[in-house]
file entry-v4.txt (compact mmCIF, C-alpha atoms)
# COMPACT_ATOMS: atom_id res chain seq x y z
CA MET A 1 265.16 -122.56 156.87
CA SER A 2 268.55 -124.08 155.96
CA LYS A 3 268.83 -125.41 159.51
CA VAL A 4 265.50 -127.08 159.06
CA ILE A 5 266.59 -128.66 155.81
CA LYS A 6 269.75 -129.92 157.52
CA THR A 7 267.74 -131.45 160.33
CA THR A 8 265.29 -132.98 157.92
CA THR A 9 268.02 -134.52 155.82
CA ALA A 10 270.27 -135.56 158.65
CA GLY A 11 267.59 -136.96 160.87
CA GLY A 12 265.62 -138.54 158.07
CA VAL A 13 262.46 -137.15 159.56
CA GLY A 14 259.56 -135.39 157.85
CA PHE A 15 259.40 -131.68 157.15
CA LEU A 16 257.04 -130.81 159.98
CA ALA A 17 258.88 -133.13 162.37
CA GLY A 18 262.07 -131.28 161.42
CA LEU A 19 260.44 -127.98 162.21
CA LEU A 20 259.27 -129.21 165.58
CA LEU A 21 262.79 -130.45 166.32
CA GLU A 22 264.17 -127.04 165.33
CA LYS A 23 261.81 -125.46 167.80
CA GLY A 24 263.45 -127.42 170.57
CA LEU A 25 261.49 -130.57 170.87
CA GLU A 26 264.13 -133.06 171.98
CA SER A 27 262.44 -136.24 171.01
CA LEU A 28 259.38 -136.90 168.93
CA THR A 29 259.00 -140.41 170.30
CA GLY A 30 255.46 -141.00 171.32
CA LEU A 31 254.39 -137.59 170.16
CA ASP A 32 252.02 -136.79 167.39
CA PHE A 33 251.85 -133.61 165.36
CA VAL A 34 249.15 -132.01 167.47
CA ASP A 35 250.87 -132.68 170.81
CA GLY A 36 254.24 -131.74 169.34
CA LEU A 37 252.93 -128.46 167.98
CA PHE A 38 251.38 -127.57 171.29
CA ALA A 39 254.47 -128.65 173.20
CA VAL A 40 256.82 -126.37 171.30
CA SER A 41 254.53 -123.52 170.35
CA GLY A 42 252.14 -123.34 173.25
CA SER A 43 252.56 -119.65 173.92
CA ILE A 44 252.41 -118.68 170.27
CA LEU A 45 249.36 -120.82 169.78
CA ALA A 46 247.73 -119.23 172.80
CA ALA A 47 248.48 -115.79 171.39
CA LEU A 48 246.85 -116.79 168.16
CA SER A 49 243.97 -118.15 170.23
CA VAL A 50 244.34 -121.39 168.41
CA ASN A 51 241.78 -123.99 168.91
CA ARG A 52 243.09 -127.51 169.44
CA ASP A 53 240.14 -128.87 167.48
CA LEU A 54 241.27 -126.90 164.41
CA VAL A 55 244.81 -128.27 164.64
CA GLN A 56 243.47 -131.81 165.04
CA ALA A 57 241.12 -131.42 162.07
CA ALA A 58 243.94 -130.01 159.93
CA ALA A 59 246.20 -132.92 160.98
CA ARG A 60 243.48 -135.41 160.00
CA ASN A 61 243.21 -133.77 156.57
CA ILE A 62 246.99 -134.03 156.09
CA GLU A 63 246.81 -137.71 157.05
CA GLN A 64 243.93 -138.33 154.65
CA MET A 65 245.69 -136.47 151.87
CA PHE A 66 249.06 -138.21 152.06
CA GLY A 67 248.23 -141.41 153.93
CA LYS A 68 250.82 -140.72 156.61
CA ASP A 69 251.32 -138.90 159.85
CA PRO A 70 251.72 -135.11 159.44
CA LEU A 71 255.16 -135.43 161.05
CA GLU A 72 256.30 -137.64 158.20
CA ILE A 73 255.36 -135.45 155.24
CA SER A 74 258.08 -134.00 153.03
CA GLU A 75 258.55 -130.33 152.22
CA SER A 76 257.03 -130.78 148.76
CA GLU A 77 254.02 -132.49 150.30
CA TRP A 78 253.69 -129.57 152.70
CA ARG A 79 253.79 -127.17 149.74
CA GLN A 80 251.11 -129.22 148.04
CA PHE A 81 248.98 -129.03 151.18
CA LYS A 82 249.59 -125.30 151.36
CA GLU A 83 248.49 -124.81 147.77
CA MET A 84 245.20 -126.56 148.47
CA ASN A 85 244.68 -125.14 151.95
CA PRO A 86 246.35 -121.71 151.97
CA LYS A 87 244.62 -120.28 155.03
CA THR A 88 245.13 -123.36 157.18
CA ALA A 89 248.77 -123.71 156.13
CA GLU A 90 249.56 -120.05 156.74
CA TRP A 91 247.98 -120.27 160.17
CA LEU A 92 249.99 -123.38 161.05
CA GLU A 93 253.14 -121.75 159.67
CA LYS A 94 252.60 -118.79 161.98
CA ALA A 95 252.39 -121.19 164.90
CA LEU A 96 255.56 -122.94 163.74
CA LYS A 97 257.19 -119.59 162.87
CA ILE A 98 258.21 -120.82 159.42
CA MET B 1 213.38 -121.68 181.05
CA ALA B 2 216.94 -120.34 180.86
CA ARG B 3 218.06 -123.54 179.16
CA ALA B 4 215.32 -123.20 176.57
CA GLY B 5 216.44 -119.64 175.98
CA VAL B 6 220.04 -120.69 175.43
CA LEU B 7 218.88 -123.43 173.08
CA GLN B 8 216.92 -120.91 171.05
CA LEU B 9 219.88 -118.52 170.92
CA THR B 10 222.13 -121.39 169.82
CA LYS B 11 219.64 -122.52 167.21
CA HIS B 12 219.43 -119.08 165.65
CA GLY B 13 223.15 -118.36 165.53
CA TYR B 14 223.40 -115.85 168.40
CA MET B 15 226.10 -117.71 170.32
CA PRO B 16 229.82 -116.87 169.81
CA GLN B 17 231.30 -118.25 166.61
CA SER B 18 233.69 -120.52 168.52
CA THR B 19 230.68 -122.46 169.89
CA TYR B 20 229.60 -123.38 166.39
CA ILE B 21 233.10 -123.97 165.07
CA LYS B 22 233.79 -126.43 167.89
CA ALA B 23 230.53 -128.23 167.13
CA ALA B 24 231.30 -128.24 163.39
CA LEU B 25 234.74 -129.76 163.95
CA LYS B 26 233.33 -132.37 166.34
CA ALA B 27 230.78 -133.32 163.69
CA LEU B 28 233.56 -133.51 161.10
CA GLU B 29 235.51 -135.84 163.38
CA LYS B 30 232.45 -138.12 163.50
CA ASP B 31 232.25 -137.89 159.70
CA ASP B 32 228.88 -136.13 159.93
CA LEU B 33 229.40 -133.65 157.09
CA ASP B 34 225.81 -132.35 157.03
CA GLU B 35 226.04 -131.48 160.70
CA ALA B 36 229.46 -129.88 160.25
CA VAL B 37 228.14 -127.63 157.47
CA HIS B 38 225.01 -126.86 159.49
CA HIS B 39 227.09 -125.62 162.44
CA TYR B 40 229.44 -123.69 160.16
CA LYS B 41 226.44 -121.94 158.60
CA LEU B 42 225.16 -121.01 162.04
CA ALA B 43 228.58 -119.56 162.88
CA THR B 44 228.34 -117.17 159.96
CA LYS B 45 224.60 -116.50 160.13
CA ARG B 46 224.85 -113.46 162.38
CA TRP B 47 228.55 -112.65 162.45
CA ARG B 48 231.24 -111.94 159.92
CA PRO B 49 233.61 -114.90 159.66
CA SER B 50 236.68 -114.62 161.85
CA GLN B 51 240.06 -116.04 160.82
CA LYS B 52 239.31 -119.23 162.75
CA THR B 53 235.95 -119.54 161.04
CA GLU B 54 237.56 -119.14 157.63
CA ILE B 55 240.12 -121.81 158.49
CA ALA B 56 237.35 -124.13 159.71
CA GLU B 57 235.53 -123.59 156.40
CA GLU B 58 238.67 -124.48 154.49
CA ILE B 59 239.25 -127.58 156.63
CA ILE B 60 235.66 -128.81 156.17
CA SER B 61 235.75 -128.10 152.44
CA SER B 62 239.09 -129.87 152.12
CA ALA B 63 237.80 -132.90 154.06
CA ILE B 64 234.85 -133.14 151.65
CA GLY B 65 237.17 -132.66 148.66
CA LEU B 66 239.39 -135.50 149.86
CA ARG B 67 236.42 -137.84 150.12
CA ILE B 68 235.29 -136.85 146.62
CA ALA B 69 238.80 -137.46 145.26
CA LYS B 70 238.91 -140.96 146.80
CA LEU B 71 235.57 -141.84 145.27
CA GLN B 72 236.67 -140.46 141.89
CA ASN B 73 239.82 -142.59 142.04
CA ARG B 74 237.72 -145.68 142.61
CA LEU B 75 235.44 -144.64 139.71
CA ALA B 76 238.49 -144.30 137.49
CA GLU B 77 239.54 -147.82 138.51
CA LEU B 78 236.09 -149.21 137.69
CA GLU B 79 235.72 -147.50 134.31
CA PRO B 80 238.10 -149.77 132.31
CA MET B 81 236.60 -152.84 134.01
CA ILE B 82 233.03 -151.87 133.10
CA ASN B 83 233.63 -150.25 129.72
CA PRO B 84 236.80 -151.84 128.36
CA SER B 85 238.04 -151.30 124.85
CA TRP B 86 236.82 -154.03 122.50
CA ARG B 87 240.45 -154.81 121.79
CA SER B 88 241.13 -155.69 125.40
CA LEU B 89 240.83 -159.09 127.02
CA GLN B 90 238.53 -157.58 129.65
CA TYR B 91 235.94 -156.76 126.98
CA TRP B 92 235.63 -160.39 125.94
CA ARG B 93 235.77 -161.59 129.55
CA ASN B 94 232.81 -159.34 130.37
CA LEU B 95 230.77 -161.12 127.71
CA LEU B 96 231.11 -164.49 129.40
CA PRO B 97 227.94 -165.48 131.28
CA ARG B 98 229.91 -166.39 134.42
CA ASN B 99 231.20 -162.81 134.64
CA ARG B 100 227.81 -161.13 134.30
CA GLN B 101 227.09 -161.18 138.02
CA LYS B 102 230.47 -159.60 138.76
CA LEU B 103 229.92 -156.96 136.07
CA GLU B 104 226.51 -156.12 137.48
CA GLU B 105 228.05 -155.71 140.94
CA LEU B 106 230.66 -153.34 139.53
CA ARG B 107 227.94 -151.30 137.79
CA GLU B 108 226.03 -151.14 141.06
CA GLU B 109 229.17 -149.91 142.83
CA GLN B 110 229.70 -147.33 140.08
CA ARG B 111 226.16 -145.97 140.53
CA GLY B 112 226.65 -145.81 144.28
CA LEU B 113 229.92 -143.91 143.90
CA GLN B 114 228.36 -141.45 141.45
CA GLU B 115 225.49 -140.79 143.84
CA ALA B 116 227.90 -140.35 146.77
CA ILE B 117 229.96 -137.85 144.75
CA GLN B 118 226.79 -135.91 143.92
CA VAL B 119 225.77 -135.78 147.57
CA LEU B 120 229.24 -134.69 148.70
CA SER B 121 229.41 -132.04 145.97
CA SER B 122 226.06 -130.63 147.04
CA ILE B 123 227.26 -130.48 150.67
CA GLN B 124 230.41 -128.69 149.51
CA GLU B 125 228.35 -126.20 147.48
CA LYS B 126 226.11 -125.59 150.48
CA LEU B 127 229.20 -124.82 152.56
CA LYS B 128 230.43 -122.31 150.01
CA GLU B 129 227.06 -120.58 149.52
CA ASN B 130 227.35 -116.91 150.56
CA ALA B 131 230.92 -117.62 151.68
call {"tool": "encode", "arguments": {"input": "entry-v4.txt", "output": "structure tokens"}}
result
Amino acid sequence: MSKVIKTTTAGGVGFLAGLLLEKGLESLTGLDFVDGLFAVSGSILAALSVNRDLVQAAARNIEQMFGKDPLEISESEWRQFKEMNPKTAEWLEKALKI
Amino acid sequence: MARAGVLQLTKHGYMPQSTYIKAALKALEKDDLDEAVHHYKLATKRWRPSQKTEIAEEIISSAIGLRIAKLQNRLAELEPMINPSWRSLQYWRNLLPRNRQKLEELREEQRGLQEAIQVLSSIQEKLKENA
């Protein structure tokens, strides 16, 4: 987690973007949260039999909630999302191995 | 014949849950909340909800909640414009004949928002029934 915080602070990117970077995604340019998540966690997502539609719908809710791309949300915003959507957040966290 | 059979099975909730969840999320994407809830209900009509189904329920409910919150924010903005304190400038402005039309429009918007919130709340309740 401390590595993630370092990345987030140093790179000036959002919390989820930081996590994706930690998972080995070299550049987030041109990537959105859904593609990024699938790019770095494909096998985990497959194991969880994750449906792309669910990830997209969750990403849309994050966007609606905070008015910005899921990649740009801060850790506190993520916690807020998690409080309101515990099952969805836990499921995404499993995919991101948080 | 076979197609009609499949349609009947789909209509009565006999298909795998993922079929309905996919349809529910597609409907949600198109902002068709009634349809999304309808498909979610079919997913849980015959089967116990799976983890994915529970997550879909949470996502649909959250999407409805976000819409309600936006409408409530707008209502909160309108309230001081429609019912200002008599000590405020707005109160006296509202009494001017030239502002009556504007005030009436705001009241109309307020009624529309209240109705929309009621509709969304009933859809949300329907989603949570027997959940």
call {"tool": "interface_residues", "arguments": {"input": "entry-v4.txt", "of": "chain A", "to": "chain B", "cutoff": "12 Å", "atoms": "all atoms listed in the file", "output": "count of residues only"}}
result
32
call {"tool": "residues_around", "arguments": {"input": "entry-v4.txt", "residues": "B:Gln72", "least_positions_apart": "2", "cutoff": "12 Å", "atoms": "only C-alpha atoms", "output": "number ranges by chain"}}
result
B: 65-70, 74-79, 110-118, 120-121
call {"tool": "write_last_selection", "arguments": {"input": "entry-v4.txt", "atoms": "C-alpha atoms", "output": "compact mmCIF listing (two decimals), in the coordinates of the input"}}
result
# COMPACT_ATOMS: atom_id res chain seq x y z
CA GLY B 65 237.17 -132.66 148.66
CA LEU B 66 239.39 -135.50 149.86
CA ARG B 67 236.42 -137.84 150.12
CA ILE B 68 235.29 -136.85 146.62
CA ALA B 69 238.80 -137.46 145.26
CA LYS B 70 238.91 -140.96 146.80
CA ARG B 74 237.72 -145.68 142.61
CA LEU B 75 235.44 -144.64 139.71
CA ALA B 76 238.49 -144.30 137.49
CA GLU B 77 239.54 -147.82 138.51
CA LEU B 78 236.09 -149.21 137.69
CA GLU B 79 235.72 -147.50 134.31
CA GLN B 110 229.70 -147.33 140.08
CA ARG B 111 226.16 -145.97 140.53
CA GLY B 112 226.65 -145.81 144.28
CA LEU B 113 229.92 -143.91 143.90
CA GLN B 114 228.36 -141.45 141.45
CA GLU B 115 225.49 -140.79 143.84
CA ALA B 116 227.90 -140.35 146.77
CA ILE B 117 229.96 -137.85 144.75
CA GLN B 118 226.79 -135.91 143.92
CA LEU B 120 229.24 -134.69 148.70
CA SER B 121 229.41 -132.04 145.97
call {"tool": "atom_distance", "arguments": {"input": "entry-v4.txt", "atom1": "atom CA of A:Leu19", "atom2": "atom CA of A:Asp35"}}
result
13.7 Å
call {"tool": "residues_around", "arguments": {"input": "entry-v4.txt", "residues": "B:Leu42", "least_positions_apart": "5", "cutoff": "12 Å", "atoms": "only C-alpha atoms", "output": "list in words"}}
result
Leu9, Thr10, Lys11, His12, Gly13, Tyr14, Met15, Pro16, Gln17, Ser18, Thr19, Tyr20, Ile21, Lys22, Ala23, Ala24, Glu35, Ala36, Val37, Trp47, Arg48, Pro49, Thr53 and Leu127 of chain B
call {"tool": "residues_around", "arguments": {"input": "entry-v4.txt", "residues": "B:Leu103", "least_positions_apart": "3", "cutoff": "9 Å", "atoms": "all atoms listed in the file", "output": "PyMOL selection string"}}
result
chain B and resi 81-82+94+99-100+106-108
call {"tool": "write_last_selection", "arguments": {"input": "entry-v4.txt", "atoms": "C-alpha atoms", "output": "PDB file, keeping the file's coordinate frame"}}
result
ATOM      1  CA  MET B  81     236.600-152.840 134.010  1.00  0.00           C
ATOM      2  CA  ILE B  82     233.030-151.870 133.100  1.00  0.00           C
ATOM      3  CA  ASN B  94     232.810-159.340 130.370  1.00  0.00           C
ATOM      4  CA  ASN B  99     231.200-162.810 134.640  1.00  0.00           C
ATOM      5  CA  ARG B 100     227.810-161.130 134.300  1.00  0.00           C
ATOM      6  CA  LEU B 106     230.660-153.340 139.530  1.00  0.00           C
ATOM      7  CA  ARG B 107     227.940-151.300 137.790  1.00  0.00           C
ATOM      8  CA  GLU B 108     226.030-151.140 141.060  1.00  0.00           C
TER       9      GLU B 108
END
call {"tool": "atom_distance", "arguments": {"input": "entry-v4.txt", "atom1": "atom CA of A:Glu77", "atom2": "atom CA of A:Phe15"}}
result
8.7 Å
call {"tool": "atom_distance", "arguments": {"input": "entry-v4.txt", "atom1": "atom CA of A:Gly14", "atom2": "atom CA of A:Leu71"}}
result
5.4 Å
call {"tool": "closest_residue", "arguments": {"input": "entry-v4.txt", "among": "B:Gly5, B:Trp92, B:Lys45, B:Asp31", "to": "B:Glu129", "atoms": "all atoms listed in the file"}}
result
B:Lys45
call {"tool": "decode", "arguments": {"input": "entry-v4.txt", "residues": "stretch 83-94 of chain A", "atoms": "all heavy atoms", "output": "tab-separated table (two decimals), in the first residue's frame"}}
result
chain	number	residue	atom	x	y	z
A	83	GLU	N	-17.82	2.85	0.86
A	83	GLU	CA	-18.81	2.91	1.92
A	83	GLU	C	-20.22	2.77	1.36
A	83	GLU	O	-21.07	2.12	1.94
A	83	GLU	CB	-18.68	4.27	2.62
A	83	GLU	CG	-19.13	4.26	4.06
A	83	GLU	CD	-18.78	5.57	4.72
A	83	GLU	OE1	-17.57	5.82	4.94
A	83	GLU	OE2	-19.71	6.34	4.99
A	84	MET	N	-20.43	3.40	0.20
A	84	MET	CA	-21.76	3.38	-0.40
A	84	MET	C	-22.01	2.14	-1.25
A	84	MET	O	-23.14	1.76	-1.48
A	84	MET	CB	-21.96	4.63	-1.25
A	84	MET	CG	-22.03	5.90	-0.41
A	84	MET	SD	-22.00	7.36	-1.41
A	84	MET	CE	-23.70	7.41	-1.97
A	85	ASN	N	-20.92	1.54	-1.73
A	85	ASN	CA	-21.05	0.37	-2.61
A	85	ASN	C	-20.09	-0.73	-2.14
A	85	ASN	O	-19.14	-1.08	-2.86
A	85	ASN	CB	-20.72	0.75	-4.06
A	85	ASN	CG	-21.57	1.88	-4.57
A	85	ASN	OD1	-22.66	1.69	-5.08
A	85	ASN	ND2	-21.07	3.09	-4.41
A	86	PRO	N	-20.33	-1.27	-0.95
A	86	PRO	CA	-19.33	-2.21	-0.39
A	86	PRO	C	-19.06	-3.44	-1.24
A	86	PRO	O	-17.90	-3.84	-1.41
A	86	PRO	CB	-19.92	-2.58	0.98
A	86	PRO	CG	-21.36	-2.20	0.92
A	86	PRO	CD	-21.47	-1.08	-0.05
A	87	LYS	N	-20.12	-4.02	-1.79
A	87	LYS	CA	-19.91	-5.26	-2.56
A	87	LYS	C	-19.14	-4.99	-3.85
A	87	LYS	O	-18.22	-5.73	-4.20
A	87	LYS	CB	-21.27	-5.90	-2.91
A	87	LYS	CG	-21.99	-6.49	-1.72
A	87	LYS	CD	-23.36	-6.96	-2.10
A	87	LYS	CE	-24.17	-7.26	-0.85
A	87	LYS	NZ	-25.60	-7.38	-1.14
A	88	THR	N	-19.52	-3.93	-4.54
A	88	THR	CA	-18.85	-3.59	-5.79
A	88	THR	C	-17.38	-3.26	-5.54
A	88	THR	O	-16.49	-3.72	-6.26
A	88	THR	CB	-19.54	-2.36	-6.45
A	88	THR	OG1	-20.94	-2.56	-6.43
A	88	THR	CG2	-19.07	-2.14	-7.86
A	89	ALA	N	-17.15	-2.46	-4.49
A	89	ALA	CA	-15.77	-2.03	-4.20
A	89	ALA	C	-14.91	-3.23	-3.82
A	89	ALA	O	-13.77	-3.35	-4.29
A	89	ALA	CB	-15.78	-0.99	-3.09
A	90	GLU	N	-15.45	-4.11	-2.98
A	90	GLU	CA	-14.68	-5.28	-2.56
A	90	GLU	C	-14.31	-6.15	-3.77
A	90	GLU	O	-13.20	-6.67	-3.87
A	90	GLU	CB	-15.47	-6.11	-1.56
A	90	GLU	CG	-15.15	-5.73	-0.13
A	90	GLU	CD	-16.03	-6.46	0.86
A	90	GLU	OE1	-16.26	-7.67	0.69
A	90	GLU	OE2	-16.52	-5.80	1.80
A	91	TRP	N	-15.26	-6.27	-4.66
A	91	TRP	CA	-15.06	-7.09	-5.86
A	91	TRP	C	-13.99	-6.47	-6.75
A	91	TRP	O	-13.12	-7.16	-7.27
A	91	TRP	CB	-16.42	-7.19	-6.54
A	91	TRP	CG	-16.50	-7.85	-7.85
A	91	TRP	CD1	-16.40	-9.18	-8.10
A	91	TRP	CD2	-16.75	-7.20	-9.09
A	91	TRP	NE1	-16.57	-9.40	-9.44
A	91	TRP	CE2	-16.79	-8.21	-10.06
A	91	TRP	CE3	-16.97	-5.89	-9.47
A	91	TRP	CZ2	-17.02	-7.92	-11.40
A	91	TRP	CZ3	-17.20	-5.61	-10.80
A	91	TRP	CH2	-17.22	-6.63	-11.74
A	92	LEU	N	-14.04	-5.14	-6.90
A	92	LEU	CA	-13.01	-4.46	-7.70
A	92	LEU	C	-11.65	-4.53	-7.00
A	92	LEU	O	-10.61	-4.68	-7.65
A	92	LEU	CB	-13.39	-3.00	-7.95
A	92	LEU	CG	-14.50	-2.75	-8.97
A	92	LEU	CD1	-14.95	-1.30	-8.96
A	92	LEU	CD2	-14.06	-3.14	-10.38
A	93	GLU	N	-11.68	-4.44	-5.68
A	93	GLU	CA	-10.41	-4.52	-4.92
A	93	GLU	C	-9.75	-5.89	-5.10
A	93	GLU	O	-8.54	-5.99	-5.19
A	93	GLU	CB	-10.67	-4.25	-3.44
A	93	GLU	CG	-10.82	-2.77	-3.13
A	93	GLU	CD	-11.05	-2.48	-1.67
A	93	GLU	OE1	-11.33	-3.43	-0.90
A	93	GLU	OE2	-10.95	-1.31	-1.29
A	94	LYS	N	-10.59	-6.93	-5.16
A	94	LYS	CA	-10.04	-8.28	-5.37
A	94	LYS	C	-9.33	-8.32	-6.72
A	94	LYS	O	-8.24	-8.86	-6.85
A	94	LYS	CB	-11.18	-9.30	-5.36
A	94	LYS	CG	-11.26	-10.09	-4.09
A	94	LYS	CD	-12.25	-11.22	-4.27
A	94	LYS	CE	-12.90	-11.55	-2.95
A	94	LYS	NZ	-14.05	-12.44	-3.13
